[in-house]
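Dropping structure13.tsv in here (TSV, C-alpha atoms):
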```tsv
chain	number	residue	atom	x	y	z
A	1	MET	CA	2.98	1.95	-14.74
A	2	ALA	CA	4.74	4.14	-12.25
A	3	MET	CA	5.98	3.55	-8.78
A	4	LYS	CA	8.52	5.51	-6.81
A	5	LEU	CA	8.83	4.54	-3.20
A	6	LEU	CA	11.06	6.38	-0.75
A	7	ILE	CA	11.12	4.05	2.20
A	8	SER	CA	12.46	4.82	5.63
A	9	LEU	CA	11.31	1.92	7.77
A	10	LEU	CA	9.18	-1.20	7.49
A	11	LEU	CA	9.46	-3.06	10.78
A	12	LEU	CA	8.27	-6.51	11.80
A	13	SER	CA	9.89	-7.32	15.18
A	14	THR	CA	12.90	-6.35	17.25
A	15	TYR	CA	16.18	-6.26	15.35
A	16	ALA	CA	19.54	-6.77	17.02
A	17	ALA	CA	22.12	-3.99	16.52
A	18	GLU	CA	25.04	-6.42	16.34
A	19	ALA	CA	23.78	-8.09	13.17
A	20	GLN	CA	26.24	-9.64	10.75
A	21	VAL	CA	26.47	-7.51	7.59
A	22	PHE	CA	26.14	-8.97	4.08
A	23	ASP	CA	27.08	-6.13	1.70
A	24	VAL	CA	25.81	-6.81	-1.83
A	25	THR	CA	28.96	-5.24	-3.32
A	26	LYS	CA	30.86	-8.23	-1.90
A	27	TYR	CA	28.68	-10.42	-4.11
A	28	GLY	CA	29.41	-8.58	-7.35
A	29	ALA	CA	26.95	-5.67	-7.18
A	30	LYS	CA	28.23	-2.48	-8.79
A	31	PRO	CA	26.60	0.96	-9.13
A	32	LYS	CA	24.71	1.35	-12.43
A	33	GLY	CA	24.80	-2.44	-12.84
A	34	GLU	CA	22.07	-5.07	-12.59
A	35	ILE	CA	22.29	-6.64	-9.12
A	36	SER	CA	19.41	-9.08	-8.74
A	37	GLN	CA	21.71	-12.11	-8.55
A	38	ALA	CA	23.99	-10.37	-6.06
A	39	LEU	CA	20.93	-9.51	-3.95
A	40	LEU	CA	19.72	-13.09	-3.93
A	41	SER	CA	23.19	-14.47	-3.15
A	42	ALA	CA	23.61	-12.11	-0.21
A	43	TRP	CA	20.10	-12.91	1.00
A	44	LYS	CA	20.69	-16.67	0.80
A	45	GLU	CA	23.72	-16.49	3.07
A	46	ALA	CA	22.14	-13.97	5.43
A	47	CYS	CA	18.96	-16.03	5.72
A	48	ALA	CA	21.03	-19.10	6.62
A	49	SER	CA	22.88	-17.24	9.39
A	50	PRO	CA	22.08	-18.57	12.88
A	51	THR	CA	22.50	-15.03	14.27
A	52	PRO	CA	20.79	-11.76	13.23
A	53	SER	CA	21.89	-10.54	9.80
A	54	SER	CA	21.63	-7.50	7.54
A	55	VAL	CA	21.69	-7.40	3.72
A	56	VAL	CA	23.03	-3.95	2.86
A	57	ILE	CA	22.64	-2.05	-0.42
A	58	PRO	CA	25.04	0.88	0.03
A	59	ALA	CA	24.91	4.39	-1.42
A	60	GLY	CA	24.69	4.53	-5.20
A	61	THR	CA	22.17	3.70	-7.92
A	62	TYR	CA	21.63	0.05	-8.83
A	63	ALA	CA	19.33	-1.76	-11.25
A	64	SER	CA	17.34	-4.87	-10.43
A	65	ASN	CA	14.89	-7.13	-12.17
A	66	GLU	CA	12.17	-8.93	-10.19
A	67	VAL	CA	13.49	-10.40	-6.95
A	68	THR	CA	11.75	-12.51	-4.31
A	69	PHE	CA	13.33	-12.82	-0.88
A	70	SER	CA	11.98	-16.01	0.68
A	71	GLY	CA	12.18	-17.47	4.15
A	72	PRO	CA	11.96	-18.96	6.61
A	73	CYS	CA	15.29	-17.66	7.90
A	74	LYS	CA	17.19	-18.98	10.91
A	75	ALA	CA	17.31	-15.65	12.77
A	76	PRO	CA	15.95	-12.09	12.51
A	77	ILE	CA	16.99	-10.49	9.23
A	78	GLU	CA	17.13	-6.96	7.83
A	79	THR	CA	17.38	-5.53	4.34
A	80	LYS	CA	18.98	-2.09	4.54
A	81	LEU	CA	18.59	0.03	1.41
A	82	VAL	CA	20.81	3.11	1.64
A	83	GLY	CA	21.07	3.85	-2.07
A	84	THR	CA	18.56	3.72	-4.93
A	85	LEU	CA	17.22	0.52	-6.48
A	86	GLN	CA	15.75	0.99	-9.95
A	87	ALA	CA	13.45	-1.38	-11.81
A	88	ASN	CA	13.86	-2.43	-15.42
A	89	PRO	CA	11.83	0.11	-17.45
A	90	ASN	CA	10.88	-2.59	-19.97
A	91	ALA	CA	7.46	-3.77	-18.79
A	92	ALA	CA	7.78	-6.93	-20.91
A	93	SER	CA	10.62	-8.10	-18.66
A	94	PHE	CA	8.21	-8.55	-15.74
A	95	LYS	CA	6.75	-12.03	-15.45
A	96	THR	CA	4.80	-11.53	-12.19
A	97	ASP	CA	2.88	-8.71	-10.51
A	98	GLY	CA	5.59	-7.99	-7.95
A	99	TRP	CA	8.97	-6.28	-8.28
A	100	VAL	CA	10.54	-6.64	-4.81
A	101	VAL	CA	8.77	-9.32	-2.76
A	102	PHE	CA	9.39	-10.55	0.80
A	103	GLU	CA	7.60	-13.74	1.85
A	104	HIS	CA	7.51	-16.42	4.57
A	105	ILE	CA	9.78	-14.47	6.94
A	106	GLU	CA	9.57	-13.89	10.69
A	107	GLY	CA	11.48	-11.09	12.37
A	108	PHE	CA	12.03	-8.96	9.26
A	109	THR	CA	13.07	-5.29	9.00
A	110	LEU	CA	13.32	-3.14	5.87
A	111	SER	CA	15.16	0.11	6.57
A	112	GLY	CA	17.84	2.51	5.38
A	113	GLY	CA	16.13	5.65	4.06
A	114	GLY	CA	16.86	4.71	0.44
A	115	THR	CA	14.67	4.74	-2.65
A	116	PHE	CA	12.80	2.05	-4.58
A	117	ASP	CA	12.31	3.59	-8.03
A	118	ARG	CA	9.98	1.73	-10.40
A	119	GLN	CA	10.94	4.22	-13.18
A	120	GLY	CA	7.40	4.95	-14.24
A	121	ALA	CA	8.26	7.73	-16.68
A	122	GLN	CA	10.97	5.63	-18.33
A	123	THR	CA	8.61	2.66	-18.51
A	124	ARG	CA	6.04	4.70	-20.38
A	125	LYS	CA	8.70	5.98	-22.77
A	126	ALA	CA	10.18	2.51	-23.31
A	127	ASN	CA	6.73	1.17	-24.17
A	128	ALA	CA	5.88	4.09	-26.48
A	129	CYS	CA	2.92	5.12	-24.35
A	130	HIS	CA	2.81	8.49	-26.10
A	131	GLU	CA	1.67	6.53	-29.19
A	132	LYS	CA	-0.72	4.11	-27.45
A	133	PRO	CA	-4.10	5.32	-26.23
A	134	SER	CA	-4.42	2.07	-24.26
A	135	CYS	CA	-1.60	3.02	-21.88
A	136	PRO	CA	-3.06	4.12	-18.54
A	137	LYS	CA	-2.56	7.76	-17.67
A	138	LEU	CA	-0.51	8.51	-14.62
A	139	PRO	CA	-1.27	8.47	-11.75
A	140	TYR	CA	-3.85	5.81	-12.73
A	141	SER	CA	-1.70	2.74	-13.33
A	142	PRO	CA	-3.43	-0.44	-12.15
A	143	ASN	CA	-1.62	-2.74	-9.72
A	144	THR	CA	1.41	-0.55	-9.11
A	145	ASP	CA	0.83	-0.58	-5.35
A	146	GLY	CA	3.63	1.02	-3.37
A	147	ILE	CA	3.47	-1.52	-0.52
A	148	HIS	CA	1.14	-4.50	-0.47
A	149	VAL	CA	0.68	-6.46	2.76
A	150	GLY	CA	-1.08	-9.82	2.81
A	151	ARG	CA	-1.38	-12.75	5.24
A	152	SER	CA	1.06	-11.11	7.62
A	153	SER	CA	0.96	-9.96	11.23
A	154	GLN	CA	2.65	-7.39	13.46
A	155	ILE	CA	3.59	-5.11	10.55
A	156	TYR	CA	4.83	-1.54	11.09
A	157	ILE	CA	5.13	0.87	8.14
A	158	LEU	CA	6.60	4.10	9.45
A	159	ASP	CA	8.04	7.37	8.10
A	160	THR	CA	7.65	6.47	4.44
A	161	ASP	CA	7.06	8.59	1.32
A	162	ILE	CA	5.19	6.82	-1.47
A	163	LYS	CA	4.42	8.07	-4.98
A	164	THR	CA	2.66	5.58	-7.24
A	165	GLY	CA	-0.09	4.93	-9.76
A	166	ASP	CA	-2.32	2.75	-7.56
A	167	ASP	CA	-2.70	2.30	-3.79
A	168	CYS	CA	0.16	3.76	-1.79
A	169	ILE	CA	-0.49	0.98	0.71
A	170	SER	CA	-2.89	-1.89	0.16
A	171	ILE	CA	-3.76	-4.28	2.96
A	172	GLY	CA	-4.97	-7.64	1.73
A	173	ASP	CA	-6.67	-10.63	3.29
A	174	GLY	CA	-5.11	-12.30	6.31
A	175	SER	CA	-3.50	-9.07	7.56
A	176	GLN	CA	-3.47	-8.77	11.36
A	177	GLN	CA	-2.19	-5.92	13.54
A	178	VAL	CA	-0.91	-3.62	10.81
A	179	HIS	CA	0.30	-0.19	11.94
A	180	VAL	CA	0.77	2.61	9.39
A	181	GLU	CA	2.08	5.88	10.80
A	182	ARG	CA	3.62	9.09	9.43
A	183	VAL	CA	3.26	7.99	5.82
A	184	THR	CA	3.14	10.59	3.04
A	185	CYS	CA	1.11	9.38	0.05
A	186	GLY	CA	0.64	11.02	-3.33
A	187	PRO	CA	0.12	10.79	-6.17
A	188	GLY	CA	-1.71	7.50	-5.87
A	189	HIS	CA	-5.04	5.95	-4.93
A	190	GLY	CA	-4.66	6.44	-1.19
A	191	ILE	CA	-4.43	3.88	1.63
A	192	SER	CA	-6.74	0.89	1.21
A	193	VAL	CA	-7.90	-2.20	3.02
A	194	GLY	CA	-8.71	-4.60	0.21
A	195	SER	CA	-10.04	-5.26	-2.17
A	196	LEU	CA	-11.45	-8.23	-0.29
A	197	GLY	CA	-13.84	-11.05	-1.08
A	198	LYS	CA	-12.87	-11.85	-4.64
A	199	TYR	CA	-11.66	-15.36	-3.82
A	200	PRO	CA	-13.30	-18.10	-1.70
A	201	ASP	CA	-10.34	-18.89	0.59
A	202	GLU	CA	-9.57	-15.42	1.95
A	203	GLU	CA	-8.60	-14.97	5.60
A	204	PRO	CA	-9.97	-12.36	8.06
A	205	VAL	CA	-8.50	-8.88	8.39
A	206	SER	CA	-8.30	-7.25	11.82
A	207	GLY	CA	-6.33	-4.77	13.88
A	208	ILE	CA	-5.59	-2.09	11.25
A	209	PHE	CA	-4.28	1.24	12.57
A	210	VAL	CA	-3.58	4.14	10.18
A	211	LYS	CA	-2.48	7.30	12.00
A	212	ASN	CA	-0.85	10.66	11.39
A	213	CYS	CA	-0.61	10.30	7.62
A	214	THR	CA	-0.80	12.91	4.84
A	215	LEU	CA	-2.40	12.25	1.45
A	216	THR	CA	-1.89	14.77	-1.36
A	217	ASP	CA	-3.27	14.65	-4.92
A	218	THR	CA	-4.72	11.17	-4.47
A	219	SER	CA	-7.78	9.78	-6.25
A	220	ASN	CA	-9.03	8.39	-2.93
A	221	GLY	CA	-8.28	8.92	0.74
A	222	VAL	CA	-8.70	6.04	3.17
A	223	ARG	CA	-10.96	3.21	2.12
A	224	ILE	CA	-12.14	-0.32	2.83
A	225	LYS	CA	-13.26	-2.09	-0.34
A	226	SER	CA	-14.77	-5.47	-1.10
A	227	TRP	CA	-16.34	-7.07	-4.14
A	228	PRO	CA	-20.11	-7.56	-4.43
A	229	ALA	CA	-21.59	-11.07	-4.65
A	230	THR	CA	-18.39	-12.57	-3.26
A	231	PRO	CA	-17.75	-16.34	-3.53
A	232	GLY	CA	-16.59	-16.72	0.08
A	233	ARG	CA	-17.16	-15.27	3.53
A	234	THR	CA	-14.55	-13.41	5.52
A	235	THR	CA	-14.50	-10.55	8.01
A	236	ALA	CA	-12.82	-7.15	8.29
A	237	SER	CA	-12.90	-5.66	11.79
A	238	ASP	CA	-11.13	-3.50	14.37
A	239	MET	CA	-9.93	-0.84	11.91
A	240	HIS	CA	-8.92	2.66	12.90
A	241	PHE	CA	-8.04	5.73	10.80
A	242	GLU	CA	-6.96	8.73	12.87
A	243	ASN	CA	-5.46	12.17	12.26
A	244	ILE	CA	-5.33	11.90	8.47
A	245	ILE	CA	-4.60	15.10	6.51
A	246	MET	CA	-5.94	15.11	2.93
A	247	ASN	CA	-5.00	17.68	0.30
A	248	ASN	CA	-6.90	17.42	-2.97
A	249	ALA	CA	-8.12	13.87	-2.34
A	250	GLY	CA	-10.88	12.82	-4.74
A	251	ASN	CA	-12.92	10.50	-2.48
A	252	PRO	CA	-11.64	11.05	1.06
A	253	VAL	CA	-13.60	8.41	3.06
A	254	LEU	CA	-14.85	5.15	1.53
A	255	ILE	CA	-16.33	1.96	2.87
A	256	ASP	CA	-17.39	0.19	-0.28
A	257	GLN	CA	-18.83	-3.32	-0.42
A	258	GLU	CA	-19.76	-2.79	-4.07
A	259	TYR	CA	-16.25	-2.08	-5.33
A	260	CYS	CA	-16.31	-1.28	-9.05
A	261	PRO	CA	-12.78	-0.69	-10.40
A	262	TRP	CA	-11.37	0.30	-13.78
A	263	GLY	CA	-13.18	3.59	-14.17
A	264	GLN	CA	-16.73	2.28	-13.84
A	265	CYS	CA	-17.56	4.74	-11.03
A	266	LYS	CA	-17.51	8.41	-11.98
A	267	SER	CA	-19.17	10.27	-9.11
A	268	LEU	CA	-17.21	12.56	-6.83
A	269	GLU	CA	-18.01	11.61	-3.25
A	270	ALA	CA	-16.67	13.10	-0.05
A	271	MET	CA	-17.77	10.03	1.90
A	272	LYS	CA	-19.05	6.74	0.53
A	273	LEU	CA	-20.31	4.07	2.92
A	274	VAL	CA	-21.97	1.41	0.78
A	275	CYS	CA	-22.44	-1.93	2.49
A	276	SER	CA	-24.04	-5.24	1.64
A	277	LYS	CA	-27.79	-5.59	2.20
A	278	SER	CA	-27.36	-9.14	3.49
A	279	LEU	CA	-24.29	-8.33	5.63
A	280	PRO	CA	-24.47	-4.63	6.50
A	281	CYS	CA	-21.57	-2.81	8.16
A	282	GLU	CA	-21.77	-2.54	11.94
A	283	ASN	CA	-20.22	-0.36	14.67
A	284	VAL	CA	-18.90	2.36	12.35
A	285	GLU	CA	-18.08	5.66	14.05
A	286	ILE	CA	-17.33	8.93	12.24
A	287	ALA	CA	-15.76	11.60	14.44
A	288	ASP	CA	-14.06	14.99	14.04
A	289	ILE	CA	-13.85	15.16	10.24
A	290	ASP	CA	-13.65	18.45	8.37
A	291	LEU	CA	-13.78	18.13	4.57
A	292	ALA	CA	-14.14	20.97	2.08
A	293	TYR	CA	-14.53	20.60	-1.68
A	294	HIS	CA	-12.35	22.69	-4.02
A	295	GLY	CA	-12.56	22.06	-7.75
A	296	PRO	CA	-14.60	22.40	-10.94
A	297	GLU	CA	-16.45	19.06	-10.83
A	298	GLY	CA	-18.61	19.65	-7.75
A	299	PRO	CA	-20.61	19.81	-5.78
A	300	ALA	CA	-19.38	16.81	-3.82
A	301	ASN	CA	-21.88	14.46	-2.22
A	302	SER	CA	-21.98	11.56	0.19
A	303	THR	CA	-23.58	8.14	-0.09
A	304	CYS	CA	-24.75	5.71	2.59
A	305	ALA	CA	-26.45	2.35	2.13
A	306	ASN	CA	-27.07	-0.48	4.58
A	307	ILE	CA	-25.14	1.26	7.33
A	308	GLN	CA	-26.04	3.42	10.32
A	309	PRO	CA	-22.84	5.27	11.27
A	310	LYS	CA	-22.49	7.00	14.59
A	311	PHE	CA	-21.46	10.66	14.24
A	312	THR	CA	-19.67	12.35	17.13
A	313	GLY	CA	-17.77	15.58	17.59
A	314	LYS	CA	-17.55	18.08	14.77
A	315	VAL	CA	-18.38	16.43	11.46
A	316	ASN	CA	-18.31	18.53	8.31
A	317	ILE	CA	-18.83	16.25	5.30
A	318	PRO	CA	-20.76	17.36	2.19
A	319	GLU	CA	-24.30	15.92	2.13
A	320	ALA	CA	-23.62	13.50	5.00
A	321	ALA	CA	-26.57	14.82	7.01
A	322	ALA	CA	-28.99	14.27	4.15
A	323	THR	CA	-27.88	10.78	3.13
A	324	CYS	CA	-26.27	9.13	6.15
A	325	GLY	CA	-28.67	9.80	8.97
A	326	GLY	CA	-27.44	13.19	10.13
A	327	ALA	CA	-24.18	14.62	11.38
A	328	ALA	CA	-23.31	16.11	14.74
A	329	HIS	CA	-21.57	19.46	14.98
A	330	ALA	CA	-19.73	20.48	18.11
```

Starting from the file, give its structure as structure tokens.
Amino acid sequence: MAMKLLISLLLLSTYAAEAQVFDVTKYGAKPKGEISQALLSAWKEACASPTPSSVVIPAGTYASNEVTFSGPCKAPIETKLVGTLQANPNAASFKTDGWVVFEHIEGFTLSGGGTFDRQGAQTRKANACHEKPSCPKLPYSPNTDGIHVGRSSQIYILDTDIKTGDDCISIGDGSQQVHVERVTCGPGHGISVGSLGKYPDEEPVSGIFVKNCTLTDTSNGVRIKSWPATPGRTTASDMHFENIIMNNAGNPVLIDQEYCPWGQCKSLEAMKLVCSKSLPCENVEIADIDLAYHGPEGPANSTCANIQPKFTGKVNIPEAAATCGGAAHA
């Protein structure tokens, strides 16, 4: 499992410049030391502050086990990571599926230009992955999402560099008005909405804007994925992907309502739009896309089912014309 996240800014509301500072070194944090308790102590006091506050992790390298920063807080709050925060490389020490978690908070900012380092290479070494065929090969490490957003609104993820073994950014159910801009992703699985529909109580997803991002050496590009034969009904709407540069992306464009994870799907597809027969996708527009295949496993193809996309502008996608109702070329 590998995740290295260089994060510049995750913004959720206006943050006041005169915030009271809670430096974790004042709570016992020391470089090269384990600081999870210091982090939580600083957060507890900052969260209780009636005025805007900032939990600061200064320059240096620090270790931390799993930490969950919970609200609600009394005023806007920031976590400012200037240095490097490293995870415990012993996978057995993790009791949940999250390393650094923020929940139930309004008016939250994560900033600082520092590094979240999941220590993927050290984790594999610590768990003797060179001797275990069952260890997933990097960059295919399930559930090591760089950033996961769920049941949140007015989220801004800006100017961030993510290297991981799963989705660089995954957007789960209940996400509203999520803006992703100037993100560099790779290696990883790309930027994904979903997977959705696995559980009966999921909330709608809407207002997703992914712009001006670069994906390099990713297994997928941008995708919307949901499980087939889902137990509940939800919706995913008002989603926009614009000005995305992809370098060596395995499956650049996917809308998949028959999501089949864990290596069950082997085909190389430039564009996959597979929707439910009972609830087909509607109002999908494909515009100004230029994809070229380079590699030994081709040729690439495209798949469409239960969808009638509208093509406008110059559209160069392998096999799209043959399988998706034609493509327009300016």

Where's the centre, and what are the edge lengths in Å to one decimal, of a box along x, y and z enclosing all listed atoms of segment 112-115 of chain A padded 8 Å per side, as lines of an AutoDock Vina configuration file?
```
center_x = 16.3
center_y = 4.1
center_z = 1.4
size_x = 19.2
size_y = 19.1
size_z = 24.0
```

Original post:
In terms of the shortest atom-to-atom distance over only C-alpha atoms, which of A:Lys44, A:Leu85, A:Lys80, A:Ile157 is closest to Lys30 of chain A?
Top reply: A:Leu85

Subject >> Residue contacts of Glu282 of chain A (7 Å, all atoms listed in the file) excluding same-chain residues fewer than 2 positions away, as a PyMOL selection string >> reply: chain A and resi 280+284+307

Original post:
What is the distance, in Å and to one decimal place, between atom CA of Val82 of chain A and atom CA of Val56 of chain A?
Top reply: 7.5 Å

Original post:
Just how far from atom CA of Val222 of chain A is atom CA of Ser170 of chain A, in Å to one decimal?
Top reply: 10.3 Å

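One finds atom CA of His179 of chain A at 23.0 Å from atom CA of Ala75 of chain A.
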
Original post:
Restricting the calculation to all atoms listed in the file, which member of A:Gly295, A:Gly83, A:Gly207, A:Gly60 is positioned closest to Val180 of chain A?
Top reply: A:Gly207

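Compared by their closest atoms to His189 of chain A, and using only C-alpha atoms, the residues A:Ile171, A:Ala46, A:Cys213, A:Ala249 rank with A:Ala249 nearest.
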
**OP:** Would you kindly return, as a ChimeraX atom specification, each protein, DNA or RNA residue with an atom no farther than 12 Å from any atom of Leu273 of chain A, considering all atoms listed in the file and excluding same-chain residues fewer than 5 positions away?
**Re:** /A:222-226,251-259,280-282,284-286,301-309,320,323-325

**OP:** Rank nothing, just name the residue among A:Ile191, A:Met239, A:Glu203, A:Ala87 nearest to Lys32 of chain A, using only C-alpha atoms.
**Re:** A:Ala87

Subject >> Best match for closeness to Gly150 of chain A among A:Leu196, A:Arg118, A:Glu181, A:Ile162, counting only C-alpha atoms >> reply: A:Leu196

**OP:** Mind checking which residues fall within 8 Å of Arg233 of chain A, counting all atoms listed in the file, ignoring those fewer than 6 positions away in the same chain, and posting them as a PyMOL selection string?
**Re:** chain A and resi 197+200+202

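Minimum atom-to-atom distance to Phe94 of chain A, evaluated using all atoms listed in the file, belongs to A:Val67 out of A:Val67, A:Ala321, A:Ile208, A:Val315.
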
Could you rebuild segment 21-30 of chain A with all heavy atoms and give me the result as an mmCIF file, keeping the file's coordinate frame?
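Contents of result.cif, as written:
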```
data_model
loop_
_atom_site.group_PDB
_atom_site.id
_atom_site.type_symbol
_atom_site.label_atom_id
_atom_site.label_comp_id
_atom_site.auth_asym_id
_atom_site.auth_seq_id
_atom_site.Cartn_x
_atom_site.Cartn_y
_atom_site.Cartn_z
ATOM 1 N N VAL A 21 26.766 -8.281 8.792
ATOM 2 C CA VAL A 21 26.470 -7.510 7.590
ATOM 3 C C VAL A 21 26.844 -8.316 6.339
ATOM 4 O O VAL A 21 27.957 -8.862 6.234
ATOM 5 C CB VAL A 21 27.226 -6.174 7.594
ATOM 6 C CG1 VAL A 21 27.044 -5.454 6.257
ATOM 7 C CG2 VAL A 21 26.722 -5.293 8.739
ATOM 8 N N PHE A 22 25.913 -8.340 5.381
ATOM 9 C CA PHE A 22 26.140 -8.970 4.080
ATOM 10 C C PHE A 22 25.970 -7.879 3.024
ATOM 11 O O PHE A 22 24.856 -7.581 2.589
ATOM 12 C CB PHE A 22 25.161 -10.125 3.858
ATOM 13 C CG PHE A 22 25.350 -11.271 4.810
ATOM 14 C CD1 PHE A 22 24.817 -11.221 6.099
ATOM 15 C CD2 PHE A 22 26.068 -12.395 4.437
ATOM 16 C CE1 PHE A 22 24.985 -12.267 6.989
ATOM 17 C CE2 PHE A 22 26.244 -13.460 5.325
ATOM 18 C CZ PHE A 22 25.704 -13.394 6.601
ATOM 19 N N ASP A 23 27.075 -7.248 2.649
ATOM 20 C CA ASP A 23 27.080 -6.130 1.700
ATOM 21 C C ASP A 23 27.008 -6.683 0.285
ATOM 22 O O ASP A 23 27.844 -7.511 -0.119
ATOM 23 C CB ASP A 23 28.362 -5.311 1.895
ATOM 24 C CG ASP A 23 28.361 -4.013 1.113
ATOM 25 O OD1 ASP A 23 27.855 -3.996 -0.037
ATOM 26 O OD2 ASP A 23 28.881 -3.010 1.629
ATOM 27 N N VAL A 24 26.005 -6.235 -0.486
ATOM 28 C CA VAL A 24 25.810 -6.810 -1.830
ATOM 29 C C VAL A 24 26.990 -6.538 -2.756
ATOM 30 O O VAL A 24 27.183 -7.259 -3.736
ATOM 31 C CB VAL A 24 24.503 -6.295 -2.471
ATOM 32 C CG1 VAL A 24 23.291 -6.752 -1.687
ATOM 33 C CG2 VAL A 24 24.522 -4.785 -2.631
ATOM 34 N N THR A 25 27.785 -5.493 -2.465
ATOM 35 C CA THR A 25 28.960 -5.240 -3.320
ATOM 36 C C THR A 25 29.997 -6.345 -3.180
ATOM 37 O O THR A 25 30.846 -6.527 -4.067
ATOM 38 C CB THR A 25 29.589 -3.876 -2.989
ATOM 39 O OG1 THR A 25 30.034 -3.863 -1.630
ATOM 40 C CG2 THR A 25 28.592 -2.746 -3.222
ATOM 41 N N LYS A 26 29.952 -7.096 -2.079
ATOM 42 C CA LYS A 26 30.860 -8.230 -1.900
ATOM 43 C C LYS A 26 30.418 -9.436 -2.717
ATOM 44 O O LYS A 26 31.149 -10.427 -2.818
ATOM 45 C CB LYS A 26 30.929 -8.616 -0.419
ATOM 46 C CG LYS A 26 31.292 -7.479 0.530
ATOM 47 C CD LYS A 26 32.647 -6.879 0.205
ATOM 48 C CE LYS A 26 33.006 -5.807 1.228
ATOM 49 N NZ LYS A 26 34.296 -5.137 0.909
ATOM 50 N N TYR A 27 29.223 -9.323 -3.290
ATOM 51 C CA TYR A 27 28.680 -10.420 -4.110
ATOM 52 C C TYR A 27 28.596 -10.028 -5.587
ATOM 53 O O TYR A 27 27.881 -10.654 -6.356
ATOM 54 C CB TYR A 27 27.310 -10.826 -3.587
ATOM 55 C CG TYR A 27 27.355 -11.391 -2.185
ATOM 56 C CD1 TYR A 27 27.383 -10.549 -1.081
ATOM 57 C CD2 TYR A 27 27.408 -12.765 -1.961
ATOM 58 C CE1 TYR A 27 27.446 -11.047 0.210
ATOM 59 C CE2 TYR A 27 27.465 -13.277 -0.673
ATOM 60 C CZ TYR A 27 27.499 -12.411 0.411
ATOM 61 O OH TYR A 27 27.569 -12.920 1.690
ATOM 62 N N GLY A 28 29.323 -8.978 -5.948
ATOM 63 C CA GLY A 28 29.410 -8.580 -7.350
ATOM 64 C C GLY A 28 28.550 -7.402 -7.751
ATOM 65 O O GLY A 28 28.574 -6.998 -8.921
ATOM 66 N N ALA A 29 27.790 -6.823 -6.832
ATOM 67 C CA ALA A 29 26.950 -5.670 -7.180
ATOM 68 C C ALA A 29 27.815 -4.439 -7.402
ATOM 69 O O ALA A 29 28.716 -4.147 -6.614
ATOM 70 C CB ALA A 29 25.939 -5.406 -6.075
ATOM 71 N N LYS A 30 27.526 -3.718 -8.474
ATOM 72 C CA LYS A 30 28.230 -2.480 -8.790
ATOM 73 C C LYS A 30 27.220 -1.395 -9.143
ATOM 74 O O LYS A 30 26.196 -1.686 -9.775
ATOM 75 C CB LYS A 30 29.188 -2.692 -9.959
ATOM 76 C CG LYS A 30 30.304 -3.687 -9.677
ATOM 77 C CD LYS A 30 31.212 -3.849 -10.882
ATOM 78 C CE LYS A 30 32.330 -4.847 -10.581
ATOM 79 N NZ LYS A 30 33.231 -5.028 -11.751
#
```
